[in-house]
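Q: My structure is stored as final10.tsv, with TSV, C-alpha atoms.
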```
chain	number	residue	atom	x	y	z
O	1	MET	CA	-3.54	26.47	-55.92
O	2	THR	CA	-3.82	27.94	-52.41
O	3	THR	CA	-1.15	27.74	-49.75
O	4	PRO	CA	-2.30	26.01	-46.48
O	5	PRO	CA	-2.20	28.23	-43.40
O	6	THR	CA	0.70	26.48	-41.72
O	7	THR	CA	1.64	29.34	-39.40
O	8	ALA	CA	-1.67	29.20	-37.58
O	9	THR	CA	-1.50	25.48	-36.95
O	10	ALA	CA	2.19	24.97	-36.42
O	11	CYS	CA	2.62	27.42	-33.56
O	12	PRO	CA	-0.58	27.52	-31.50
O	13	GLY	CA	1.32	28.57	-28.35
O	14	PRO	CA	1.83	32.30	-29.08
O	15	ALA	CA	-1.53	32.65	-30.81
O	16	ASP	CA	-3.45	31.08	-27.89
O	17	PRO	CA	-1.76	31.56	-24.50
O	18	SER	CA	-4.67	29.99	-22.66
O	19	SER	CA	-4.20	26.73	-24.53
O	20	ALA	CA	-0.51	26.76	-23.68
O	21	GLY	CA	-1.27	27.27	-20.00
O	22	SER	CA	-3.85	24.50	-20.12
O	23	SER	CA	-1.34	22.17	-21.72
O	24	ALA	CA	1.30	22.93	-19.08
O	25	GLY	CA	-1.25	22.48	-16.32
O	26	SER	CA	-2.30	19.06	-17.62
O	27	THR	CA	1.34	17.99	-17.87
O	28	SER	CA	2.04	18.98	-14.29
O	29	ALA	CA	-1.18	17.35	-13.12
O	30	ASP	CA	-0.33	14.01	-14.72
O	31	PRO	CA	2.20	12.92	-12.05
O	32	ARG	CA	-0.27	13.87	-9.32
O	33	ALA	CA	-3.05	11.95	-11.03
O	34	ALA	CA	-0.76	8.92	-11.41
O	35	ALA	CA	0.24	9.13	-7.74
O	36	ALA	CA	-3.39	9.39	-6.67
O	37	ARG	CA	-4.32	6.42	-8.87
O	38	ASN	CA	-1.45	4.39	-7.41
O	39	ALA	CA	-2.55	5.30	-3.87
O	40	ARG	CA	-6.13	4.19	-4.59
O	41	ARG	CA	-4.94	0.86	-5.99
O	42	LEU	CA	-2.61	0.34	-3.04
O	43	ALA	CA	-5.47	1.10	-0.64
O	44	ALA	CA	-7.67	-1.41	-2.47
O	45	ALA	CA	-4.91	-4.02	-2.21
O	46	GLY	CA	-4.57	-3.24	1.48
O	47	VAL	CA	-8.31	-3.76	2.01
O	48	ALA	CA	-8.09	-7.11	0.18
O	49	VAL	CA	-5.20	-8.19	2.44
O	50	LEU	CA	-7.20	-7.06	5.48
O	51	LEU	CA	-10.12	-9.24	4.37
O	52	LEU	CA	-7.73	-12.18	3.96
O	53	ALA	CA	-6.44	-11.52	7.47
O	54	VAL	CA	-10.00	-11.61	8.84
O	55	VAL	CA	-10.67	-14.90	7.04
O	56	SER	CA	-7.39	-16.31	8.33
O	57	THR	CA	-8.29	-15.36	11.90
O	58	PHE	CA	-11.52	-17.35	11.85
O	59	VAL	CA	-10.19	-20.46	10.04
O	60	GLY	CA	-9.30	-23.35	12.33
O	61	VAL	CA	-10.39	-26.60	13.89
O	62	LEU	CA	-12.25	-24.92	16.74
O	63	ASP	CA	-15.53	-23.33	15.70
O	64	VAL	CA	-14.69	-19.71	16.45
O	65	THR	CA	-16.41	-17.50	13.88
O	66	PRO	CA	-18.36	-14.22	14.00
O	67	TRP	CA	-21.56	-16.24	13.79
O	68	SER	CA	-20.60	-18.55	16.65
O	69	LEU	CA	-19.63	-15.55	18.79
O	70	TRP	CA	-22.94	-13.84	18.03
O	71	HIS	CA	-24.87	-17.04	18.79
O	72	GLN	CA	-23.11	-17.41	22.14
O	73	LEU	CA	-23.96	-13.83	23.07
O	74	ALA	CA	-27.56	-14.15	21.88
O	75	THR	CA	-28.16	-17.35	23.86
O	76	GLY	CA	-26.45	-16.06	26.99
O	77	ASP	CA	-23.58	-18.56	26.80
O	78	LEU	CA	-21.05	-16.20	28.38
O	79	GLU	CA	-18.69	-18.98	29.40
O	80	GLY	CA	-18.47	-20.22	25.82
O	81	PHE	CA	-18.12	-16.66	24.53
O	82	TRP	CA	-15.17	-15.83	26.78
O	83	SER	CA	-13.59	-19.18	25.94
O	84	SER	CA	-13.80	-18.28	22.24
O	85	VAL	CA	-12.34	-14.84	22.92
O	86	GLU	CA	-9.46	-16.53	24.75
O	87	VAL	CA	-8.79	-18.73	21.70
O	88	LEU	CA	-8.70	-15.63	19.50
O	89	ALA	CA	-6.36	-13.76	21.84
O	90	VAL	CA	-3.96	-16.65	22.52
O	91	SER	CA	-3.82	-18.37	19.13
O	92	ARG	CA	-5.71	-16.82	16.22
O	93	PHE	CA	-4.67	-13.15	16.44
O	94	PRO	CA	-0.98	-13.96	17.09
O	95	ARG	CA	-0.95	-16.37	14.15
O	96	THR	CA	-2.49	-13.86	11.75
O	97	ALA	CA	-0.11	-11.15	12.93
O	98	SER	CA	2.89	-13.44	12.48
O	99	VAL	CA	1.80	-14.40	8.95
O	100	VAL	CA	1.43	-10.74	7.95
O	101	LEU	CA	4.73	-9.68	9.53
O	102	ALA	CA	6.72	-12.56	8.05
O	103	GLY	CA	5.19	-12.08	4.60
O	104	LEU	CA	5.82	-8.35	4.28
O	105	ALA	CA	9.32	-8.51	5.79
O	106	LEU	CA	10.57	-11.42	3.66
O	107	ALA	CA	9.21	-9.82	0.49
O	108	VAL	CA	10.99	-6.52	1.22
O	109	ALA	CA	14.17	-8.42	2.15
O	110	GLY	CA	14.04	-10.12	-1.24
O	111	LEU	CA	13.73	-6.75	-2.97
O	112	ILE	CA	16.75	-5.40	-1.06
O	113	MET	CA	18.73	-8.53	-1.96
O	114	GLN	CA	17.90	-8.07	-5.64
O	115	LEU	CA	19.05	-4.45	-5.56
O	116	MET	CA	22.35	-5.36	-3.90
O	117	ALA	CA	23.06	-8.24	-6.29
O	118	ARG	CA	21.72	-6.34	-9.32
O	119	ASN	CA	19.73	-9.41	-10.28
O	120	LYS	CA	15.97	-10.01	-10.13
O	121	PHE	CA	16.32	-13.77	-9.62
O	122	VAL	CA	17.84	-13.81	-6.13
O	123	GLU	CA	16.41	-13.67	-2.62
O	124	PRO	CA	17.55	-14.84	0.87
O	125	SER	CA	16.59	-18.48	0.27
O	126	THR	CA	18.44	-18.68	-3.08
O	127	VAL	CA	21.76	-17.06	-2.06
O	128	GLY	CA	22.60	-19.01	1.11
O	129	THR	CA	21.32	-16.43	3.63
O	130	VAL	CA	18.61	-18.66	5.10
O	131	GLU	CA	20.87	-21.72	5.10
O	132	SER	CA	23.55	-19.71	6.90
O	133	ALA	CA	21.02	-18.61	9.53
O	134	GLN	CA	20.08	-22.26	10.06
O	135	ALA	CA	23.78	-23.11	10.47
O	136	GLY	CA	24.04	-20.40	13.13
O	137	LEU	CA	21.06	-21.87	14.97
O	138	LEU	CA	22.70	-25.30	14.90
O	139	VAL	CA	25.96	-23.89	16.29
O	140	VAL	CA	24.26	-22.07	19.16
O	141	THR	CA	22.20	-25.19	19.92
O	142	LEU	CA	25.38	-27.25	20.17
O	143	LEU	CA	27.36	-24.73	22.20
O	144	LEU	CA	24.60	-23.16	24.31
O	145	PRO	CA	21.59	-25.49	24.41
O	146	ALA	CA	19.77	-23.38	27.03
O	147	ALA	CA	20.45	-20.03	25.35
O	148	PRO	CA	17.52	-17.57	25.25
O	149	LEU	CA	15.78	-16.70	22.00
O	150	MET	CA	17.62	-13.40	21.54
O	151	VAL	CA	21.01	-15.17	21.73
O	152	LYS	CA	19.88	-17.66	19.11
O	153	MET	CA	18.71	-14.81	16.91
O	154	GLY	CA	22.11	-13.13	17.34
O	155	PHE	CA	24.01	-16.24	16.24
O	156	ALA	CA	21.65	-16.73	13.30
O	157	SER	CA	22.06	-13.09	12.25
O	158	VAL	CA	25.87	-13.22	12.35
O	159	PHE	CA	25.96	-16.38	10.26
O	160	ALA	CA	23.36	-14.95	7.86
O	161	VAL	CA	25.46	-11.81	7.32
O	162	ALA	CA	28.52	-14.00	6.68
O	163	GLY	CA	26.61	-16.16	4.19
O	164	THR	CA	25.23	-13.14	2.34
O	165	GLY	CA	28.67	-11.53	2.21
O	166	LEU	CA	30.17	-14.78	0.88
O	167	PHE	CA	27.60	-14.87	-1.92
O	168	LEU	CA	28.29	-11.25	-2.91
O	169	LEU	CA	32.04	-11.99	-2.85
O	170	VAL	CA	31.57	-15.02	-5.11
O	171	LEU	CA	29.36	-12.91	-7.36
O	172	GLN	CA	32.18	-10.42	-7.90
O	173	ARG	CA	34.44	-13.26	-9.05
O	174	ILE	CA	32.08	-14.38	-11.80
O	175	PRO	CA	33.50	-13.05	-15.11
O	176	LEU	CA	30.19	-13.05	-16.97
O	177	ARG	CA	27.24	-11.66	-15.03
O	178	ASN	CA	24.68	-13.87	-16.74
O	179	THR	CA	21.17	-13.25	-15.38
O	180	LEU	CA	20.38	-16.94	-15.00
O	181	LEU	CA	23.84	-17.91	-13.72
O	182	VAL	CA	23.64	-15.73	-10.60
O	183	PRO	CA	20.70	-17.53	-8.88
O	184	LEU	CA	22.17	-20.91	-9.80
O	185	VAL	CA	25.43	-19.96	-8.06
O	186	GLY	CA	23.45	-18.84	-5.02
O	187	ILE	CA	21.43	-22.05	-4.92
O	188	MET	CA	24.59	-24.16	-5.16
O	189	LEU	CA	26.22	-22.13	-2.36
O	190	GLY	CA	23.11	-22.58	-0.22
O	191	ASN	CA	23.12	-26.32	-0.87
O	192	VAL	CA	26.77	-26.60	0.20
O	193	ILE	CA	26.03	-24.77	3.47
O	194	SER	CA	22.88	-26.83	4.00
O	195	SER	CA	24.77	-30.10	3.40
O	196	VAL	CA	27.41	-29.23	6.00
O	197	THR	CA	24.71	-28.20	8.48
O	198	THR	CA	22.77	-31.43	7.88
O	199	PHE	CA	25.92	-33.52	8.40
O	200	PHE	CA	26.63	-32.02	11.82
O	201	ALA	CA	22.96	-32.14	12.77
O	202	TYR	CA	22.96	-35.86	11.98
O	203	ARG	CA	26.17	-36.44	13.95
O	204	PHE	CA	24.75	-34.73	17.05
O	205	ASP	CA	21.18	-36.07	16.71
O	206	LEU	CA	19.62	-32.68	15.92
O	207	LEU	CA	18.00	-33.46	12.59
O	208	GLN	CA	14.51	-32.96	14.00
O	209	SER	CA	15.35	-29.44	15.17
O	210	LEU	CA	17.02	-28.67	11.83
O	211	ASN	CA	13.92	-29.81	9.91
O	212	ALA	CA	11.78	-27.48	12.02
O	213	TRP	CA	13.98	-24.54	11.00
O	214	MET	CA	14.00	-25.57	7.34
O	215	LEU	CA	10.23	-25.59	6.86
O	216	GLY	CA	8.04	-22.62	7.68
O	217	ASP	CA	5.10	-23.52	9.91
O	218	PHE	CA	2.73	-21.19	11.77
O	219	SER	CA	0.85	-23.93	13.62
O	220	GLY	CA	2.96	-23.49	16.76
O	221	VAL	CA	2.55	-19.71	16.93
O	222	ILE	CA	0.79	-18.59	20.11
O	223	ARG	CA	0.89	-15.55	22.34
O	224	GLY	CA	4.35	-15.19	23.85
O	225	ARG	CA	6.11	-17.03	21.00
O	226	TYR	CA	5.79	-14.64	18.07
O	227	GLU	CA	6.52	-11.17	19.49
O	228	LEU	CA	10.06	-11.27	18.11
O	229	LEU	CA	8.53	-10.82	14.66
O	230	TRP	CA	7.61	-7.22	15.46
O	231	ILE	CA	11.32	-6.48	15.06
O	232	VAL	CA	11.04	-7.21	11.33
O	233	LEU	CA	8.37	-4.52	10.98
O	234	ALA	CA	10.87	-1.92	12.21
O	235	LEU	CA	13.53	-3.38	9.88
O	236	THR	CA	11.10	-3.12	6.95
O	237	VAL	CA	10.51	0.56	7.72
O	238	VAL	CA	14.29	1.11	7.71
O	239	GLY	CA	14.46	-0.64	4.33
O	240	TYR	CA	11.77	1.68	2.96
O	241	VAL	CA	13.59	4.78	4.22
O	242	ALA	CA	16.87	3.64	2.63
O	243	ALA	CA	15.26	2.39	-0.59
O	244	ASP	CA	16.78	5.12	-2.77
O	245	ARG	CA	20.27	4.37	-1.46
O	246	PHE	CA	19.88	0.67	-2.27
O	247	THR	CA	18.77	1.65	-5.78
O	248	VAL	CA	21.90	3.77	-6.29
O	249	ALA	CA	24.17	1.11	-4.77
O	250	GLY	CA	22.72	-1.42	-7.20
O	251	MET	CA	24.22	0.59	-10.06
O	252	GLY	CA	27.75	-0.19	-8.95
O	253	GLN	CA	30.45	1.06	-6.60
O	254	GLU	CA	31.94	3.65	-8.96
O	255	PHE	CA	28.57	5.22	-9.79
O	256	THR	CA	27.57	5.31	-6.12
O	257	THR	CA	30.85	6.90	-5.05
O	258	ASN	CA	30.54	9.58	-7.74
O	259	LEU	CA	27.21	10.59	-6.22
O	260	GLY	CA	28.86	11.06	-2.83
O	261	ILE	CA	27.32	7.97	-1.19
O	262	ASP	CA	29.40	5.52	0.83
O	263	TYR	CA	28.96	2.30	-1.16
O	264	ARG	CA	30.32	-0.03	1.51
O	265	ARG	CA	28.12	1.46	4.21
O	266	VAL	CA	25.00	1.01	2.09
O	267	MET	CA	25.94	-2.60	1.30
O	268	VAL	CA	26.59	-3.36	4.96
O	269	LEU	CA	23.22	-1.85	5.87
O	270	GLY	CA	21.48	-3.95	3.20
O	271	MET	CA	23.22	-7.16	4.29
O	272	THR	CA	22.37	-6.45	7.91
O	273	LEU	CA	18.69	-5.84	7.15
O	274	VAL	CA	18.40	-8.99	5.02
O	275	ALA	CA	20.27	-11.09	7.57
O	276	LEU	CA	18.27	-9.84	10.56
O	277	ILE	CA	14.94	-10.34	8.81
O	278	SER	CA	15.92	-13.84	7.69
O	279	ALA	CA	17.25	-14.76	11.13
O	280	VAL	CA	14.17	-13.54	13.01
O	281	VAL	CA	11.80	-15.38	10.67
O	282	VAL	CA	13.85	-18.61	10.73
O	283	VAL	CA	14.10	-18.55	14.54
O	284	THR	CA	10.37	-17.90	14.94
O	285	ILE	CA	8.61	-19.89	12.22
O	286	GLY	CA	11.24	-21.45	9.92
O	287	SER	CA	12.11	-20.93	6.27
O	288	VAL	CA	9.61	-19.62	3.71
O	289	PRO	CA	11.30	-20.09	0.31
O	290	PHE	CA	10.85	-18.11	-2.92
O	291	LEU	CA	8.63	-15.46	-1.33
O	292	GLY	CA	11.23	-12.70	-1.62
O	293	LEU	CA	11.84	-13.64	-5.24
O	294	VAL	CA	8.33	-13.97	-6.63
O	295	VAL	CA	6.58	-10.99	-5.03
O	296	PRO	CA	9.10	-8.26	-6.05
O	297	ASN	CA	9.12	-9.55	-9.62
O	298	LEU	CA	5.33	-9.58	-9.83
O	299	VAL	CA	5.20	-6.05	-8.41
O	300	SER	CA	7.85	-4.94	-10.92
O	301	MET	CA	5.73	-6.30	-13.78
O	302	LEU	CA	2.56	-4.61	-12.48
O	303	VAL	CA	3.80	-1.31	-11.01
O	304	GLY	CA	7.27	-0.70	-12.46
O	305	ASP	CA	10.77	-0.39	-11.05
O	306	ASN	CA	10.49	2.81	-9.00
O	307	VAL	CA	11.73	1.38	-5.70
O	308	ARG	CA	10.24	4.11	-3.52
O	309	ARG	CA	6.82	3.34	-5.01
O	310	THR	CA	7.17	-0.44	-5.16
O	311	VAL	CA	8.26	-1.10	-1.54
O	312	PRO	CA	4.70	-0.58	-0.13
O	313	TRP	CA	3.32	-2.80	-2.89
O	314	VAL	CA	5.91	-5.49	-2.16
O	315	ALA	CA	5.04	-5.40	1.54
O	316	VAL	CA	1.27	-5.56	0.98
O	317	LEU	CA	1.39	-8.31	-1.67
O	318	GLY	CA	3.95	-10.28	0.35
O	319	ALA	CA	1.60	-10.32	3.33
O	320	GLY	CA	-1.36	-11.22	1.11
O	321	PHE	CA	0.54	-14.01	-0.62
O	322	VAL	CA	1.51	-15.71	2.64
O	323	LEU	CA	-1.99	-15.21	4.06
O	324	ALA	CA	-3.53	-16.93	1.02
O	325	CYS	CA	-1.02	-19.81	1.21
O	326	ASP	CA	-1.63	-20.17	4.95
O	327	ILE	CA	-5.40	-20.40	4.45
O	328	ILE	CA	-4.88	-23.04	1.73
O	329	ALA	CA	-2.53	-24.96	4.04
O	330	ARG	CA	-5.24	-25.14	6.71
O	331	VAL	CA	-8.22	-26.08	4.53
O	332	ILE	CA	-6.71	-28.38	1.88
O	333	ARG	CA	-6.63	-31.33	4.33
O	334	TYR	CA	-8.97	-30.04	6.99
O	335	PRO	CA	-8.89	-30.66	9.96
O	336	TYR	CA	-5.18	-31.41	9.41
O	337	GLU	CA	-2.68	-28.76	8.39
O	338	ILE	CA	0.13	-28.68	5.86
O	339	PRO	CA	3.16	-26.49	6.72
O	340	VAL	CA	2.77	-23.18	4.93
O	341	GLY	CA	6.38	-23.43	3.75
O	342	THR	CA	5.36	-26.38	1.56
O	343	ILE	CA	2.54	-24.45	-0.12
O	344	VAL	CA	4.72	-21.37	-0.65
O	345	ALA	CA	7.55	-23.55	-2.01
O	346	VAL	CA	5.24	-25.23	-4.56
O	347	VAL	CA	3.56	-22.03	-5.75
O	348	GLY	CA	6.76	-19.99	-5.55
O	349	GLY	CA	8.79	-22.67	-7.32
O	350	VAL	CA	6.38	-22.74	-10.26
O	351	LEU	CA	6.41	-18.94	-10.50
O	352	PHE	CA	10.21	-18.92	-10.19
O	353	LEU	CA	10.55	-21.28	-13.16
O	354	ALA	CA	8.09	-19.16	-15.13
O	355	LEU	CA	10.14	-16.04	-14.41
O	356	LEU	CA	13.37	-17.82	-15.41
O	357	LEU	CA	11.85	-18.94	-18.70
O	358	ARG	CA	10.46	-15.47	-19.31
O	359	GLY	CA	13.89	-13.94	-18.67
O	360	ARG	CA	15.53	-16.46	-21.00
O	361	HIS	CA	13.13	-15.64	-23.84
O	362	ARG	CA	13.92	-11.94	-23.36
```
Have the structure of the file written as structure tokens, please.

A:
Amino acid sequence: MTTPPTTATACPGPADPSSAGSSAGSTSADPRAAAARNARRLAAAGVAVLLLAVVSTFVGVLDVTPWSLWHQLATGDLEGFWSSVEVLAVSRFPRTASVVLAGLALAVAGLIMQLMARNKFVEPSTVGTVESAQAGLLVVTLLLPAAPLMVKMGFASVFAVAGTGLFLLVLQRIPLRNTLLVPLVGIMLGNVISSVTTFFAYRFDLLQSLNAWMLGDFSGVIRGRYELLWIVLALTVVGYVAADRFTVAGMGQEFTTNLGIDYRRVMVLGMTLVALISAVVVVTIGSVPFLGLVVPNLVSMLVGDNVRRTVPWVAVLGAGFVLACDIIARVIRYPYEIPVGTIVAVVGGVLFLALLLRGRHR
């Protein structure tokens, strides 16, 4: 019986240095290949969102489409052409921009909220942040009815920060950090705040205004009434820059402090970003529920939990999700329009229940 040549097969490195170098090179190339593949997929998703934005721009009651514009130019109808361009500049472009800005900002705000609470089933509309912002708007409407938009945003932001801080404080008091218990506590807290706000709105005959803040609607967006939303783009960039710090802070105060990071400062920054984004969106277009919950979870299932890599995906898919819902809202009962908050609430609510059931089975 012959002995198998184990030494030649067991240690190929010293016998064949070129193969060892090739192996090391392929290992080091793998992360670059993965990053390049992720960039290509993100670019493809961005192109898809851009196409949705183009479709959204040309959907409406007035017949303003590329074909109608071309026909007006070809037939010499310059008056009709410039009238169509005016419609695009005053209404269609601002609406599409506001949909994209609100979608990407709310999705990133939901991701930040999940990192701070260390729970994937929370977002501004399920922890009382949005309801607190609405309470701030009601207070400023009662005290300063003629206040400018920036003052209203300031009141809404302060109340939103307070509501978010109250939720995190309540969360620390819960003895058992059950995954499904955390969003239920947030929803109950939001309902308490909303009930108090509704009571005072009823007493002072402001229910109609309160309903406008509670339901997201882009139908009233025109040039001069959406520019405040550009603030949330800057806030989203800040959230991307600080993504690693939010990840560390989500691991707990003791762990964060051991790494030399100021835990309280990071939490204050996160609460401020979430509150400002929520306040700006509520003041401008109203509440868009479940968006910040569904999109980060879908991205986590598709891309993973690397926050630095997932933030661009969350922003892109958040914008695409709201664009798709806005298009559906405009065509499902054409020529009438359903508030986009209703469509997002229905779709997001179904996905939220699916995620809860999935988490329970796990």

Q: What separation in Å, quoted to one decimal, exists between atom CA of O:Asn297 and atom CA of O:Leu101?

A: 19.6 Å

Q: Contacts of O:Gly250 at 8 Å or less, counting all atoms listed in the file, minus same-chain residues fewer than 6 places along, as a list of chain:residue names?

A: O:Leu115, O:Met116, O:Ala117, O:Arg118

Q: Nearest residue to O:Ser278 out of O:Ile231, O:Val61, O:Met188, O:Ala212, using only C-alpha atoms?

A: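 Smallest distance to O:Ser278 is found for O:Ile231.
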
Q: Write out, as JSON lines, each residue of stretch 162-240 of chain O that has an atom at most 12 Å from stretch 259-271 of chain O, together with the closest pair of atoms and their distance in Å to one decimal, counting all atoms listed in the file, rows going by chain and rising number.

A:
```
{"residue": "O:Ala162", "atom": "CA", "partner": "O:Met271", "partner_atom": "CA", "distance": 9.0}
{"residue": "O:Gly163", "atom": "CA", "partner": "O:Met271", "partner_atom": "CA", "distance": 9.6}
{"residue": "O:Thr164", "atom": "CA", "partner": "O:Met271", "partner_atom": "CA", "distance": 6.6}
{"residue": "O:Gly165", "atom": "CA", "partner": "O:Met271", "partner_atom": "CA", "distance": 7.3}
{"residue": "O:Leu166", "atom": "CA", "partner": "O:Met271", "partner_atom": "CA", "distance": 10.9}
{"residue": "O:Phe167", "atom": "CA", "partner": "O:Met271", "partner_atom": "CA", "distance": 10.8}
{"residue": "O:Leu168", "atom": "CA", "partner": "O:Met271", "partner_atom": "CA", "distance": 9.7}
{"residue": "O:Leu169", "atom": "CA", "partner": "O:Met267", "partner_atom": "CA", "distance": 11.9}
{"residue": "O:Leu235", "atom": "CA", "partner": "O:Gly270", "partner_atom": "CA", "distance": 10.4}
{"residue": "O:Thr236", "atom": "CA", "partner": "O:Gly270", "partner_atom": "CA", "distance": 11.1}
{"residue": "O:Val238", "atom": "CA", "partner": "O:Leu269", "partner_atom": "CA", "distance": 9.6}
{"residue": "O:Gly239", "atom": "CA", "partner": "O:Gly270", "partner_atom": "CA", "distance": 7.8}
{"residue": "O:Tyr240", "atom": "CA", "partner": "O:Gly270", "partner_atom": "CA", "distance": 11.2}
```

Q: What does the structure give for the distance between atom CA of O:Gly292 and atom CA of O:Ala107, in Å to one decimal?

A: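 That distance, rounded to one decimal, is 4.1 Å.
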
Q: Closest to O:Pro124 among O:Val282, O:Val87, O:Val64, O:Val158, using only C-alpha atoms?

A: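 Of all the options, O:Val282 lies closest to O:Pro124.
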
Q: Can you work out which one of O:Ala329, O:Ala354, O:Ala324, O:Ala97 has the shortest atom-to-atom distance to O:Leu228, counting only C-alpha atoms?

A: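 Of O:Ala329, O:Ala354, O:Ala324, O:Ala97, the one nearest O:Leu228 is O:Ala97, counting only C-alpha atoms.
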
Q: May I have the residues within 9 Å of O:Val281 as a list in words, using only C-alpha atoms and disregarding those fewer than 3 positions away in the same chain?

A: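 Those residues are Ala102, Ala105, Leu106, Gly216, Leu228, Leu229, Val232, Leu276, Ile277, Ser278, Thr284, Ile285, Gly286, Ser287 and Val288 of chain O.
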
Q: So that I can check the surroundings of O:Ala345, please list as a PyMOL selection string every protein, DNA and RNA residue that reaches within 10 Å of it, counting all atoms listed in the file and ignoring chain neighbours fewer than 4 positions away.

A: chain O and resi 215-216+287-291+325+340-341+349-352

Q: To one decimal in Å, tell me the separation between atom CA of O:Val248 and atom CA of O:Val307.

A: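 Value for the atom CA of O:Val248-atom CA of O:Val307 distance: 10.5 Å.
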
Q: Just the residues within 12 Å of stretch 143-156 of chain O, please, counting all atoms listed in the file, with nothing from its chain fewer than 3 positions along; format it as an MDAnalysis selection string.

A: chainID O and resid 129:140 159:163 204 206 209 213 224:229 231 272 274:284 286

Q: Which residues come within 9 Å of O:Val303, counting all atoms listed in the file, excluding same-chain residues fewer than 4 positions away, as a list in words?

A: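 These residues fall inside the cut-off: Asn38, Leu298, Val299, Arg309, Thr310 and Trp313 of chain O.
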
Q: Quick one: of O:Leu88, O:Val237, O:Met214, O:Ala109, who's nearest to O:Thr197, counting all atoms listed in the file?

A: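 Result for the nearest residue to O:Thr197: O:Met214.
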
Q: When you count only C-alpha atoms, which of these residues is closest to O:Val322: O:Ile338, O:Val295, O:Val127, O:Met113?

A: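 Closest to O:Val322 of all the choices is O:Val295.
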
Q: Measuring atom to atom with all atoms listed in the file, identify which of O:Val314, O:Gln253, O:Leu233, O:Val182 is nearest to O:Leu302.

A: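 Residue with the minimum atom-to-atom distance to O:Leu302: O:Val314.
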